[in-house]
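Q: Okay, so here is final33.txt, and as you'll see once you scroll down, it has compact mmCIF, C-alpha atoms.
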```
# COMPACT_ATOMS: atom_id res chain seq x y z
CA MET A 1 78.23 -53.53 -92.51
CA PRO A 2 75.58 -50.83 -92.22
CA LEU A 3 72.22 -51.53 -90.60
CA PRO A 4 69.18 -51.86 -92.90
CA THR A 5 68.57 -48.34 -94.15
CA ARG A 6 64.82 -48.58 -94.26
CA ASP A 7 64.53 -49.69 -90.63
CA VAL A 8 67.01 -47.12 -89.32
CA VAL A 9 65.25 -44.29 -91.17
CA GLY A 10 61.94 -45.77 -90.02
CA ILE A 11 62.98 -45.58 -86.35
CA LEU A 12 64.01 -41.94 -86.74
CA ALA A 13 60.79 -41.06 -88.59
CA ASP A 14 58.65 -42.94 -86.04
CA ASN A 15 60.32 -40.99 -83.24
CA LEU A 16 59.65 -37.68 -84.97
CA ARG A 17 56.01 -38.61 -85.58
CA ILE A 18 55.29 -40.07 -82.14
CA ARG A 19 57.63 -38.13 -79.85
CA GLY A 20 58.48 -34.90 -81.71
CA SER A 21 62.19 -35.58 -82.28
CA VAL A 22 64.28 -38.12 -84.19
CA LEU A 23 66.06 -38.75 -80.90
CA PRO A 24 63.59 -37.97 -78.12
CA ILE A 25 65.22 -36.72 -74.94
CA PRO A 26 63.44 -35.33 -71.87
CA ALA A 27 62.67 -31.60 -72.01
CA ARG A 28 64.50 -31.26 -68.71
CA GLN A 29 67.73 -32.30 -70.42
CA ALA A 30 67.09 -30.38 -73.61
CA THR A 31 66.60 -27.11 -71.69
CA ARG A 32 69.22 -27.67 -68.98
CA TRP A 33 71.62 -25.23 -70.69
CA ALA A 34 69.25 -22.33 -69.92
CA ARG A 35 68.63 -22.93 -66.23
CA ASP A 36 71.05 -20.25 -64.92
CA LEU A 37 70.26 -17.67 -67.59
CA ASP A 38 66.81 -16.54 -66.44
CA LEU A 39 65.57 -16.12 -70.01
CA PRO A 40 62.00 -14.86 -70.38
CA ARG A 41 59.51 -17.41 -71.69
CA GLY A 42 58.35 -16.69 -75.25
CA GLY A 43 58.24 -13.23 -76.76
CA GLU A 44 58.15 -11.69 -80.22
CA THR A 45 61.77 -12.72 -80.80
CA VAL A 46 63.03 -16.05 -79.46
CA LEU A 47 66.28 -17.96 -79.46
CA TYR A 48 65.39 -21.25 -81.15
CA THR A 49 67.97 -24.00 -80.61
CA GLY A 50 66.14 -26.80 -82.43
CA LEU A 51 68.02 -29.07 -79.96
CA MET A 52 70.79 -29.81 -82.44
CA TYR A 53 73.71 -29.14 -80.09
CA GLN A 54 71.95 -30.75 -77.13
CA LEU A 55 71.34 -33.94 -79.15
CA ILE A 56 74.94 -34.50 -80.22
CA PRO A 57 76.06 -36.55 -77.17
CA TYR A 58 73.03 -38.81 -77.61
CA ILE A 59 73.68 -39.21 -81.35
CA GLU A 60 77.25 -40.19 -80.61
CA ARG A 61 76.18 -42.87 -78.14
CA LEU A 62 73.72 -44.26 -80.67
CA VAL A 63 76.27 -44.27 -83.50
CA ALA A 64 78.70 -46.20 -81.27
CA ILE A 65 75.99 -48.78 -80.56
CA GLU A 66 75.06 -48.89 -84.24
CA GLN A 67 78.67 -49.67 -85.18
CA LEU A 68 78.75 -52.59 -82.74
CA PHE A 69 75.32 -53.79 -83.75
CA GLY A 70 75.95 -53.41 -87.48
CA ASN A 71 78.86 -55.83 -87.34
CA SER A 72 76.93 -58.59 -85.61
CA PRO A 73 74.14 -61.00 -86.52
CA LEU A 74 71.86 -58.84 -84.37
CA ALA A 75 71.69 -56.36 -87.24
CA ARG A 76 68.99 -58.58 -88.71
CA LEU A 77 66.79 -57.68 -85.74
CA THR A 78 66.67 -53.96 -86.57
CA GLY A 79 63.13 -54.35 -87.90
CA VAL A 80 62.05 -55.88 -84.57
CA GLY A 81 63.76 -52.99 -82.82
CA ARG A 82 61.73 -50.58 -84.90
CA ARG A 83 58.47 -52.21 -83.85
CA LEU A 84 59.49 -52.16 -80.16
CA ASN A 85 60.59 -48.55 -80.44
CA ARG A 86 57.07 -47.57 -81.46
CA LEU A 87 55.91 -48.72 -78.04
CA ILE A 88 58.85 -47.69 -75.87
CA ASN A 89 61.30 -44.84 -76.42
CA GLY A 90 64.44 -46.88 -77.13
CA VAL A 91 66.72 -43.83 -77.05
CA ALA A 92 66.00 -43.38 -73.35
CA PHE A 93 67.39 -46.86 -72.70
CA VAL A 94 70.42 -47.06 -74.94
CA ALA A 95 71.74 -43.49 -75.25
CA ARG A 96 72.91 -42.20 -71.90
CA PRO A 97 75.75 -39.75 -72.29
CA SER A 98 77.65 -38.61 -69.22
CA ALA A 99 77.08 -35.22 -67.60
CA SER A 100 80.42 -33.97 -68.95
CA GLU A 101 79.53 -35.07 -72.49
CA ARG A 102 76.24 -33.20 -72.26
CA ALA A 103 77.87 -30.13 -70.74
CA GLU A 104 80.34 -29.90 -73.63
CA TYR A 105 77.55 -29.34 -76.16
CA ASP A 106 75.11 -27.54 -73.82
CA ARG A 107 77.74 -24.82 -73.53
CA VAL A 108 77.07 -23.63 -77.11
CA PRO A 109 73.44 -22.50 -76.73
CA ALA A 110 74.39 -20.90 -73.40
CA ASN A 111 77.24 -19.05 -75.14
CA VAL A 112 74.86 -17.87 -77.87
CA ALA A 113 72.33 -16.56 -75.34
CA ARG A 114 75.09 -14.64 -73.52
CA LEU A 115 76.44 -13.24 -76.80
CA LEU A 116 73.00 -11.95 -77.76
CA GLN A 117 72.64 -10.39 -74.31
CA ARG A 118 76.04 -8.70 -74.66
CA ALA A 119 74.91 -7.32 -78.02
CA GLY A 120 71.77 -5.91 -76.40
CA VAL A 121 69.31 -8.16 -78.26
CA GLN A 122 65.95 -8.64 -76.54
CA PHE A 123 64.80 -12.24 -76.84
CA GLY A 124 63.00 -15.03 -75.06
CA TYR A 125 63.13 -18.82 -75.12
CA LEU A 126 60.40 -21.41 -75.56
CA TYR A 127 61.81 -23.98 -73.12
CA GLU A 128 59.91 -27.28 -73.61
CA ASP A 129 58.30 -25.87 -76.79
CA ASP A 130 61.71 -25.39 -78.42
CA LEU A 131 61.39 -28.48 -80.63
CA TYR A 132 63.70 -30.25 -83.02
CA ALA A 133 63.04 -28.85 -86.51
CA GLY A 134 63.19 -32.18 -88.41
CA ALA A 135 66.39 -31.76 -90.45
CA LEU A 136 67.61 -35.37 -90.42
CA ALA A 137 64.21 -36.82 -91.29
CA HIS A 138 63.94 -34.29 -94.12
CA ASP A 139 67.38 -35.22 -95.45
CA LEU A 140 66.43 -38.88 -95.42
CA GLY A 141 63.30 -38.25 -97.47
CA ALA A 142 60.63 -38.83 -94.80
CA ASP A 143 58.65 -35.91 -96.20
CA ASP A 144 55.17 -36.78 -94.95
CA VAL A 145 56.35 -37.02 -91.33
CA VAL A 146 58.38 -33.83 -91.67
CA ALA A 147 55.44 -31.89 -93.11
CA SER A 148 53.25 -32.90 -90.19
CA HIS A 149 55.98 -32.02 -87.67
CA ALA A 150 56.62 -28.64 -89.34
CA ARG A 151 52.94 -27.75 -88.91
CA LYS A 152 53.22 -28.62 -85.22
CA VAL A 153 56.30 -26.41 -84.77
CA ALA A 154 54.66 -23.55 -86.67
CA ALA A 155 51.53 -23.84 -84.53
CA LEU A 156 53.61 -23.60 -81.35
CA LEU A 157 55.39 -20.52 -82.66
CA ARG A 158 52.04 -18.95 -83.49
CA LYS A 159 50.71 -19.86 -80.04
CA HIS A 160 53.60 -17.97 -78.46
CA ARG A 161 53.10 -15.05 -80.91
CA VAL A 162 56.65 -15.36 -82.16
CA ARG A 163 57.52 -13.12 -85.13
CA GLU A 164 61.25 -13.74 -85.36
CA VAL A 165 63.51 -16.63 -84.40
CA ILE A 166 67.25 -16.53 -83.90
CA THR A 167 68.84 -19.88 -84.68
CA ILE A 168 72.17 -21.32 -83.59
CA ASP A 169 72.99 -24.00 -86.17
CA PRO A 170 72.80 -24.28 -89.97
CA HIS A 171 70.37 -27.20 -90.14
CA THR A 172 67.69 -25.57 -88.01
CA THR A 173 68.24 -22.30 -89.86
CA ASN A 174 67.70 -24.01 -93.20
CA MET A 175 64.62 -25.90 -92.04
CA LEU A 176 62.88 -22.87 -90.53
CA ARG A 177 63.97 -20.38 -93.18
CA SER A 178 63.95 -22.34 -96.46
CA VAL A 179 62.12 -25.65 -96.01
CA TYR A 180 59.13 -24.73 -93.83
CA PRO A 181 57.88 -22.07 -96.28
CA THR A 182 57.54 -24.86 -98.88
CA LEU A 183 55.48 -26.97 -96.45
CA ILE A 184 53.24 -24.46 -94.67
CA GLU A 185 50.91 -21.84 -96.09
CA ASP A 186 51.03 -18.31 -94.66
CA TYR A 187 54.37 -18.96 -93.01
CA ASP A 188 55.98 -15.55 -92.52
CA LEU A 189 58.42 -16.09 -89.69
CA ARG A 190 61.64 -14.09 -89.85
CA VAL A 191 64.57 -16.47 -89.35
CA ARG A 192 68.16 -15.40 -88.80
CA SER A 193 71.26 -17.13 -87.52
CA TYR A 194 72.72 -15.56 -84.39
CA LEU A 195 75.87 -14.94 -86.43
CA GLU A 196 73.90 -12.77 -88.83
CA VAL A 197 72.27 -10.93 -85.92
CA LEU A 198 75.59 -10.30 -84.16
CA ALA A 199 77.38 -9.25 -87.35
CA GLU A 200 74.64 -6.72 -88.01
CA ARG A 201 74.40 -5.33 -84.48
CA GLY A 202 78.06 -5.56 -83.52
CA LEU A 203 79.55 -7.01 -80.35
CA PRO A 204 81.72 -5.21 -77.82
CA PHE A 205 84.96 -7.16 -78.14
CA GLU A 206 86.56 -6.06 -74.88
CA SER A 207 89.04 -8.92 -74.67
CA PRO A 208 90.31 -9.28 -78.23
CA LEU A 209 91.99 -12.54 -79.12
CA ALA A 210 95.20 -12.99 -81.05
CA GLY A 211 96.39 -15.80 -83.28
CA LYS A 212 95.45 -17.69 -86.36
CA VAL A 213 92.44 -19.91 -86.86
CA VAL A 214 91.24 -21.83 -89.91
CA VAL A 215 87.54 -21.64 -90.63
CA HIS A 216 85.47 -24.64 -91.75
CA ASP A 217 82.26 -23.53 -93.48
CA PRO A 218 79.33 -25.91 -93.03
CA CYS A 219 77.85 -26.89 -96.40
CA VAL A 220 74.38 -25.85 -95.25
CA TYR A 221 75.38 -22.32 -94.22
CA ALA A 222 77.55 -21.81 -97.31
CA ARG A 223 75.63 -23.47 -100.13
CA TYR A 224 72.05 -23.64 -98.84
CA GLU A 225 71.85 -20.33 -97.00
CA ASN A 226 74.68 -18.32 -98.59
CA MET A 227 75.84 -17.36 -95.11
CA ILE A 228 79.58 -16.90 -95.50
CA GLU A 229 80.64 -13.37 -94.55
CA PRO A 230 79.01 -12.75 -91.12
CA PRO A 231 81.25 -15.16 -89.17
CA ARG A 232 84.37 -13.80 -90.88
CA LYS A 233 83.40 -10.24 -90.03
CA LEU A 234 82.86 -11.16 -86.37
CA LEU A 235 86.11 -13.09 -86.11
CA ALA A 236 88.12 -10.25 -87.65
CA GLU A 237 86.53 -7.83 -85.18
CA ALA A 238 87.42 -10.26 -82.38
CA GLY A 239 91.07 -9.86 -83.36
CA LEU A 240 91.68 -13.25 -84.93
CA GLU A 241 93.55 -13.89 -88.15
CA VAL A 242 91.16 -16.04 -90.15
CA VAL A 243 92.83 -18.29 -92.70
CA GLU A 244 91.05 -20.24 -95.42
CA PRO A 245 91.61 -23.91 -96.20
CA GLN A 246 91.90 -25.43 -99.66
CA ASN A 247 88.11 -25.48 -100.00
CA SER A 248 86.14 -22.73 -98.31
CA GLY A 249 83.09 -20.54 -98.68
CA LEU A 250 80.87 -21.72 -101.53
CA LEU A 251 83.43 -24.40 -102.34
CA THR A 252 83.66 -25.78 -98.82
CA TRP A 253 84.30 -29.49 -98.36
CA CYS A 254 81.83 -31.64 -96.45
CA CYS A 255 82.89 -33.00 -93.04
CA GLY A 256 81.16 -36.32 -93.75
CA GLY A 257 78.77 -35.96 -90.82
CA PRO A 258 75.54 -36.17 -92.82
CA VAL A 259 76.07 -39.87 -93.54
CA GLU A 260 77.19 -40.84 -90.05
CA ALA A 261 73.78 -42.16 -89.02
CA LEU A 262 73.73 -44.70 -91.88
CA TYR A 263 77.38 -45.16 -92.91
CA PRO A 264 79.75 -44.26 -90.06
CA ALA A 265 82.85 -45.58 -91.87
CA LYS A 266 82.22 -43.32 -94.87
CA ALA A 267 81.73 -40.35 -92.56
CA ALA A 268 85.03 -41.06 -90.82
CA ALA A 269 86.95 -41.41 -94.08
CA LEU A 270 85.65 -38.09 -95.36
CA ALA A 271 86.37 -36.34 -92.06
CA ALA A 272 89.99 -37.48 -92.32
CA VAL A 273 90.27 -35.89 -95.77
CA ARG A 274 88.81 -32.61 -94.53
CA VAL A 275 91.01 -32.56 -91.42
CA ALA A 276 94.08 -32.93 -93.66
CA GLN A 277 92.96 -29.92 -95.72
CA LEU A 278 92.41 -27.84 -92.59
CA ARG A 279 95.66 -28.90 -90.92
CA GLU A 280 97.66 -27.55 -93.86
CA VAL A 281 96.85 -23.98 -92.85
CA ALA A 282 96.47 -23.92 -89.05
CA PRO A 283 96.32 -26.23 -86.01
CA ASP A 284 93.20 -24.50 -84.62
CA CYS A 285 89.93 -24.79 -86.48
CA LEU A 286 86.53 -23.33 -85.78
CA THR A 287 83.23 -24.76 -86.84
CA MET A 288 79.67 -23.41 -86.83
CA CYS A 289 77.68 -26.64 -86.91
CA PRO A 290 77.35 -29.36 -84.27
CA ILE A 291 77.50 -32.13 -86.89
CA CYS A 292 80.74 -30.75 -88.36
CA LEU A 293 82.21 -30.22 -84.89
CA VAL A 294 81.68 -33.74 -83.64
CA ASN A 295 82.63 -35.47 -86.87
CA LEU A 296 85.84 -33.49 -87.42
CA ARG A 297 86.84 -33.93 -83.78
CA LYS A 298 86.77 -37.69 -84.21
CA SER A 299 89.48 -37.44 -86.86
CA ALA A 300 91.31 -34.53 -85.20
CA ASP A 301 94.64 -36.28 -84.65
CA GLY A 302 96.16 -33.38 -82.73
CA MET A 303 94.17 -30.57 -84.31
CA ARG A 304 91.89 -28.57 -82.08
CA PHE A 305 88.27 -27.97 -83.12
CA ARG A 306 86.02 -25.53 -81.31
CA ASP A 307 82.67 -23.98 -81.97
CA ILE A 308 82.79 -20.35 -83.12
CA SER A 309 80.73 -19.30 -80.10
CA GLU A 310 83.64 -20.26 -77.82
CA TYR A 311 85.89 -17.71 -79.51
CA LEU A 312 83.24 -15.01 -79.59
CA ILE A 313 82.32 -15.45 -75.92
CA GLU A 314 85.96 -15.13 -74.88
CA ALA A 315 86.62 -12.09 -77.06
CA SER A 316 83.53 -10.27 -75.83
CA ALA A 317 84.11 -11.00 -72.14
CA PRO A 318 84.76 -8.12 -69.76
CA PRO A 319 88.48 -7.23 -69.70
CA PRO A 320 90.56 -9.71 -67.66
CA GLU A 321 91.78 -8.79 -64.24
CA THR A 322 95.30 -7.43 -64.13
CA CYS A 323 97.86 -9.98 -62.92
CA PRO A 324 100.08 -9.13 -59.90
CA THR A 325 102.91 -8.51 -62.37
CA GLY A 326 100.93 -5.69 -63.87
CA GLN A 327 100.48 -7.56 -67.13
CA PRO A 328 97.01 -8.59 -68.33
CA ASP A 329 96.28 -12.31 -68.51
CA PRO A 330 97.05 -13.74 -71.92
CA ALA A 331 94.02 -14.21 -74.14
CA PRO A 332 92.74 -17.75 -73.81
CA GLY A 333 91.51 -19.98 -76.56
CA LEU A 334 94.26 -20.75 -79.04
CA SER A 335 96.86 -23.45 -78.91
CA GLY A 336 100.43 -23.35 -80.15
CA ARG A 337 101.22 -19.83 -78.98
CA MET B 1 70.49 -53.52 -121.24
CA SER B 2 67.71 -51.68 -122.99
CA ALA B 3 66.58 -48.27 -121.82
CA LEU B 4 62.89 -48.85 -121.96
CA VAL B 5 60.94 -45.91 -120.57
CA VAL B 6 58.49 -47.10 -117.90
CA ALA B 7 56.07 -44.22 -117.84
CA GLN B 8 54.27 -45.42 -114.73
CA VAL B 9 57.43 -45.31 -112.61
CA THR B 10 58.53 -42.00 -114.09
CA GLY B 11 55.12 -40.59 -113.26
CA LYS B 12 55.36 -41.82 -109.67
CA LEU B 13 58.77 -40.21 -109.26
CA ARG B 14 57.55 -36.93 -110.69
CA GLY B 15 54.64 -37.05 -108.29
CA LEU B 16 57.06 -36.86 -105.37
CA GLY B 17 58.12 -33.31 -106.12
CA PRO B 18 60.09 -31.13 -108.50
CA ILE B 19 62.43 -33.69 -110.04
CA ASP B 20 64.46 -31.99 -112.78
CA ALA B 21 66.94 -34.79 -113.49
CA ASP B 22 66.13 -34.69 -117.19
CA GLU B 23 67.92 -31.32 -117.42
CA CYS B 24 71.18 -33.25 -116.77
CA MET B 25 73.64 -32.87 -119.69
CA ASN B 26 75.64 -35.91 -118.62
CA CYS B 27 78.84 -33.82 -118.44
CA GLY B 28 80.18 -35.49 -115.29
CA PHE B 29 81.27 -32.38 -113.35
CA CYS B 30 79.14 -33.59 -110.44
CA SER B 31 80.83 -36.98 -110.28
CA ALA B 32 84.27 -35.37 -110.57
CA ILE B 33 83.66 -33.05 -107.62
CA CYS B 34 81.75 -35.43 -105.30
CA PRO B 35 83.61 -35.59 -101.94
CA LEU B 36 82.55 -39.21 -101.52
CA GLY B 37 83.45 -40.11 -105.09
CA VAL B 38 79.95 -41.40 -105.72
CA ASP B 39 80.21 -41.81 -109.46
CA VAL B 40 76.72 -43.14 -110.05
CA LEU B 41 75.15 -39.89 -108.98
CA PRO B 42 73.55 -38.30 -110.78
CA ARG B 43 74.50 -39.25 -114.30
CA ARG B 44 73.53 -42.90 -114.48
CA LEU B 45 71.11 -42.83 -111.60
CA PHE B 46 69.11 -39.95 -113.00
CA ARG B 47 68.90 -41.68 -116.35
CA TYR B 48 67.44 -44.70 -114.56
CA ALA B 49 64.93 -42.48 -112.81
CA VAL B 50 63.96 -40.52 -115.90
CA PHE B 51 63.47 -43.75 -117.85
CA GLY B 52 61.56 -45.33 -114.98
CA MET B 53 64.07 -48.20 -114.65
CA GLU B 54 62.85 -49.18 -111.20
CA GLN B 55 65.12 -52.14 -110.47
CA GLN B 56 68.24 -50.18 -111.40
CA VAL B 57 67.22 -47.34 -109.11
CA ARG B 58 66.68 -49.80 -106.26
CA ALA B 59 70.08 -51.41 -106.89
CA GLU B 60 71.72 -48.04 -106.26
CA SER B 61 70.07 -47.44 -102.91
CA GLU B 62 73.37 -47.36 -101.01
CA ALA B 63 74.65 -44.60 -103.31
CA ILE B 64 71.36 -42.74 -102.91
CA PHE B 65 71.53 -42.88 -99.12
CA SER B 66 75.29 -42.18 -99.06
CA CYS B 67 74.89 -38.82 -100.77
CA LEU B 68 75.93 -36.08 -98.33
CA LEU B 69 73.45 -33.56 -99.76
CA CYS B 70 76.39 -31.15 -99.50
CA ARG B 71 75.60 -29.49 -102.87
CA ALA B 72 79.24 -29.43 -104.00
CA CYS B 73 77.97 -30.98 -107.24
CA GLU B 74 75.31 -28.32 -107.75
CA GLN B 75 77.95 -25.62 -107.43
CA SER B 76 79.53 -26.97 -110.63
CA CYS B 77 76.46 -28.14 -112.54
CA PRO B 78 76.23 -26.17 -115.82
CA ALA B 79 72.60 -27.24 -116.26
CA GLY B 80 71.56 -26.03 -112.82
CA VAL B 81 70.02 -29.38 -111.87
CA HIS B 82 68.78 -29.49 -108.27
CA ILE B 83 70.78 -32.65 -107.73
CA THR B 84 70.41 -32.96 -103.98
CA GLU B 85 66.66 -32.39 -104.03
CA ASN B 86 66.37 -35.07 -106.71
CA VAL B 87 68.38 -37.45 -104.52
CA ARG B 88 66.26 -36.61 -101.49
CA LEU B 89 63.08 -37.33 -103.41
CA LEU B 90 64.49 -40.66 -104.60
CA ARG B 91 65.15 -41.54 -100.96
CA GLY B 92 61.53 -40.83 -100.15
CA TRP B 93 60.44 -43.05 -103.03
CA LEU B 94 62.70 -45.92 -101.89
CA LEU B 95 61.39 -45.66 -98.33
CA ARG B 96 57.78 -45.67 -99.44
CA GLU B 97 58.07 -48.36 -102.09
CA GLY B 98 60.36 -50.63 -100.08
CA ARG B 99 63.87 -51.73 -101.01
```
Show me the file's structure as structure tokens.
A:
Amino acid sequence: MPLPTRDVVGILADNLRIRGSVLPIPARQATRWARDLDLPRGGETVLYTGLMYQLIPYIERLVAIEQLFGNSPLARLTGVGRRLNRLINGVAFVARPSASERAEYDRVPANVARLLQRAGVQFGYLYEDDLYAGALAHDLGADDVVASHARKVAALLRKHRVREVITIDPHTTNMLRSVYPTLIEDYDLRVRSYLEVLAERGLPFESPLAGKVVVHDPCVYARYENMIEPPRKLLAEAGLEVVEPQNSGLLTWCCGGPVEALYPAKAAALAAVRVAQLREVAPDCLTMCPICLVNLRKSADGMRFRDISEYLIEASAPPPETCPTGQPDPAPGLSGR
Amino acid sequence: MSALVVAQVTGKLRGLGPIDADECMNCGFCSAICPLGVDVLPRRLFRYAVFGMEQQVRAESEAIFSCLLCRACEQSCPAGVHITENVRLLRGWLLREGR
């Protein structure tokens, strides 16, 4: 039984209004991925994560709690929980992913930063001012809260004199590129996905990969942002054989993730359908969205799902050392070879 | 059930944003393609909204909040209805007006 929709959405909207994110986590944890990268603070062009990847382990902990809670009489107390959450950040108490769970998703923004460096892109990072863009609250219809938050994000970008942002996930890309201009006057930020930037500039693929991988297009990249070709171009240049599932590109099939916060069982059922479509063409699948990645992984049943940045970082790494046998190390990354 | 137009509710819904549900031709492509098989969206639901049938809209709140906003339906809509934006605005209305 799902929790009361209005209270769940209310908690997320309250968090965005009061604490700047639907799931407020300390800035120290949100920026941990960047600590060894020595990225300059701010700049005309910045890498903007929108925290989506960093939030995934926390979302998963909360969804697990929600599933337990939703099937008990305690579900009736969600409204009380909402009132308490206005006073105390409930996420800090109930969602505590392990270090390894956090590291799994922190690796993606770190990969993206290294990929941009390898491509010779000059960029900075906003650290604690790299805020969540508001995608989930926008999807759920909390427009007044989102409009206020968007103005706050835009003001921070102006304060840092940012002219261009490079995003790493489809939801943040869509919010900053297509939604914010409808909410904020004189908004003229240039917004591009790192995949678009890399496809345009080119990457030195010094350790090309081999093998076959099926691509899962996120709905938001494909149908909201018409961003379909750049990842395919990069993957082909990286040496991979990209195969298409039954539904791909503009006709891609949703992973189910967007309803996980309210209806986890529906999300799981839809993920199983999509995994079956993907499995028909290859055992290795790449995704470009943290929501897709985590939701498909839960129904993987032997399939392997990885973020596209993992493939690109391996293929653009300096050439591997030669083994004592005189043969180069086999390219990592694909199963079943 | 009569389809009495309740102008006040219709006006409130239109005040939320660019609802274009009345462009819907009722062809059913959207329902046929929906990954979740949500058959109430948008054909019947949008009729409720356009006619201002408030109680019927409220009764479909689970369908409204189950929508993935994936836009698979819009890809096939011959009338070019902005289905997901209409659904999103209905969510906002349900949240504000109470369920």
Q: Between B:Leu89, B:Cys27, B:Val50, B:Val38, which residue has the minimum interatomic distance to chain A, considering all atoms listed in the file?
A: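 When distances to chain A are compared using all atoms listed in the file, the smallest one comes from B:Leu89.
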Q: What's around B:Glu60 at 12 Å? Count only C-alpha atoms, leave out sequence neighbours fewer than 2 positions away in its own chain, and write the answer as a JSON list (two decimals) with C-alpha atoms, in the coordinates of the input.
A:
```json
[["chain", "number", "residue", "atom", "x", "y", "z"],
["B", 38, "VAL", "CA", 79.95, -41.40, -105.72],
["B", 39, "ASP", "CA", 80.21, -41.81, -109.46],
["B", 40, "VAL", "CA", 76.72, -43.14, -110.05],
["B", 41, "LEU", "CA", 75.15, -39.89, -108.98],
["B", 42, "PRO", "CA", 73.55, -38.30, -110.78],
["B", 44, "ARG", "CA", 73.53, -42.90, -114.48],
["B", 45, "LEU", "CA", 71.11, -42.83, -111.60],
["B", 46, "PHE", "CA", 69.11, -39.95, -113.00],
["B", 48, "TYR", "CA", 67.44, -44.70, -114.56],
["B", 49, "ALA", "CA", 64.93, -42.48, -112.81],
["B", 53, "MET", "CA", 64.07, -48.20, -114.65],
["B", 54, "GLU", "CA", 62.85, -49.18, -111.20],
["B", 55, "GLN", "CA", 65.12, -52.14, -110.47],
["B", 56, "GLN", "CA", 68.24, -50.18, -111.40],
["B", 57, "VAL", "CA", 67.22, -47.34, -109.11],
["B", 58, "ARG", "CA", 66.68, -49.80, -106.26],
["B", 62, "GLU", "CA", 73.37, -47.36, -101.01],
["B", 63, "ALA", "CA", 74.65, -44.60, -103.31],
["B", 64, "ILE", "CA", 71.36, -42.74, -102.91],
["B", 65, "PHE", "CA", 71.53, -42.88, -99.12],
["B", 66, "SER", "CA", 75.29, -42.18, -99.06],
["B", 67, "CYS", "CA", 74.89, -38.82, -100.77],
["B", 87, "VAL", "CA", 68.38, -37.45, -104.52],
["B", 90, "LEU", "CA", 64.49, -40.66, -104.60],
["B", 91, "ARG", "CA", 65.15, -41.54, -100.96],
["B", 94, "LEU", "CA", 62.70, -45.92, -101.89],
["B", 99, "ARG", "CA", 63.87, -51.73, -101.01]]
```
Q: Between B:Arg14, B:Val9, B:Ala21, B:Pro35, which residue has the minimum interatomic distance to B:Gly80, considering all atoms listed in the file?
A: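 Closest residue, counting all atoms listed in the file: B:Ala21.
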Q: Which value, in Å to one decimal, gives the distance between atom CA of A:Leu250 and atom CA of A:Ala222?
A: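 If I compute the distance from atom CA of A:Leu250 to atom CA of A:Ala222, I get 5.4 Å.
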Q: Please check the contacts: residues of chain A at most 8 Å away from chain B, using all atoms listed in the file, listed as a ChimeraX atom specification.
A: /A:5-6,139-143,219-220,223-224,250-254,256,258-259,262-263,266,270
Q: Quick check, in Å to one decimal: how far apart do atom CA of A:Ala137 and atom CA of A:Thr45 lie?
A: 26.4 Å
Q: Applying 9 Å and only C-alpha atoms, which residues near A:Pro264 remain after dropping the ones on its own chain fewer than 6 positions away? List them as a ChimeraX atom specification.
A: /A:2,63,66-67,256-257
Q: Need to verify the contact set: A:Ile308, 8 Å, all atoms listed in the file, exclusion of same-chain residues closer than 6 positions in sequence. Can you return it as a PyMOL selection string?
A: chain A and resi 286-288
Q: Between atom CA of A:Ala110 and atom CA of A:Val162, what is the distance in Å, rounded to a tenth?
A: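 Between atom CA of A:Ala110 and atom CA of A:Val162 the gap works out to 20.5 Å.
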Q: Pick out the residues sitting within 8 Å of B:Ala79, and hand them over as a VMD selection string; count all atoms listed in the file, and ignore anything fewer than 6 positions along from it in its own chain.
A: chain B and resid 23 to 25
Q: Please determine, counting all atoms listed in the file, which residue among A:Leu51, A:Ala64, A:Ala154, A:Ala103 has the shortest atom-to-atom distance to A:Glu260.
A: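 Closest to A:Glu260, using all atoms listed in the file: A:Ala64.
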Q: How big is the axis-aligned box around all listed atoms of stretch 249-262 of chain A once 5 Å goes on each side, and where's its centre, in Å to one decimal, as lines of an AutoDock Vina configuration file?
A:
```
center_x = 79.0
center_y = -32.6
center_z = -95.7
size_x = 20.6
size_y = 34.2
size_z = 23.3
```
Q: Env of A:Leu198: 12 Å cut, atoms = only C-alpha atoms, seq-sep filter 2 positions within chain, self excluded. Answer as a PyMOL selection string.
A: chain A and resi 112-121+166-168+192-196+200-205+229-235+237-238+309+312-313+316
Q: For stretch 295-300 of chain A, supply N, CA and C atoms and format the output as an mmCIF file, in the frame of the given file.
A:
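Output file selection.cif follows:
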```cif
data_model
loop_
_atom_site.group_PDB
_atom_site.id
_atom_site.type_symbol
_atom_site.label_atom_id
_atom_site.label_comp_id
_atom_site.auth_asym_id
_atom_site.auth_seq_id
_atom_site.Cartn_x
_atom_site.Cartn_y
_atom_site.Cartn_z
ATOM 1 N N ASN A 295 82.025 -34.549 -85.901
ATOM 2 C CA ASN A 295 82.630 -35.470 -86.870
ATOM 3 C C ASN A 295 84.095 -35.142 -87.122
ATOM 4 N N LEU A 296 84.431 -33.862 -87.206
ATOM 5 C CA LEU A 296 85.840 -33.490 -87.420
ATOM 6 C C LEU A 296 86.670 -33.824 -86.187
ATOM 7 N N ARG A 297 86.099 -33.624 -85.012
ATOM 8 C CA ARG A 297 86.840 -33.930 -83.780
ATOM 9 C C ARG A 297 87.279 -35.390 -83.733
ATOM 10 N N LYS A 298 86.442 -36.259 -84.271
ATOM 11 C CA LYS A 298 86.770 -37.690 -84.210
ATOM 12 C C LYS A 298 87.983 -38.037 -85.053
ATOM 13 N N SER A 299 88.294 -37.190 -86.034
ATOM 14 C CA SER A 299 89.480 -37.440 -86.860
ATOM 15 C C SER A 299 90.558 -36.396 -86.593
ATOM 16 N N ALA A 300 90.477 -35.713 -85.451
ATOM 17 C CA ALA A 300 91.310 -34.530 -85.200
ATOM 18 C C ALA A 300 92.802 -34.809 -85.231
#
```
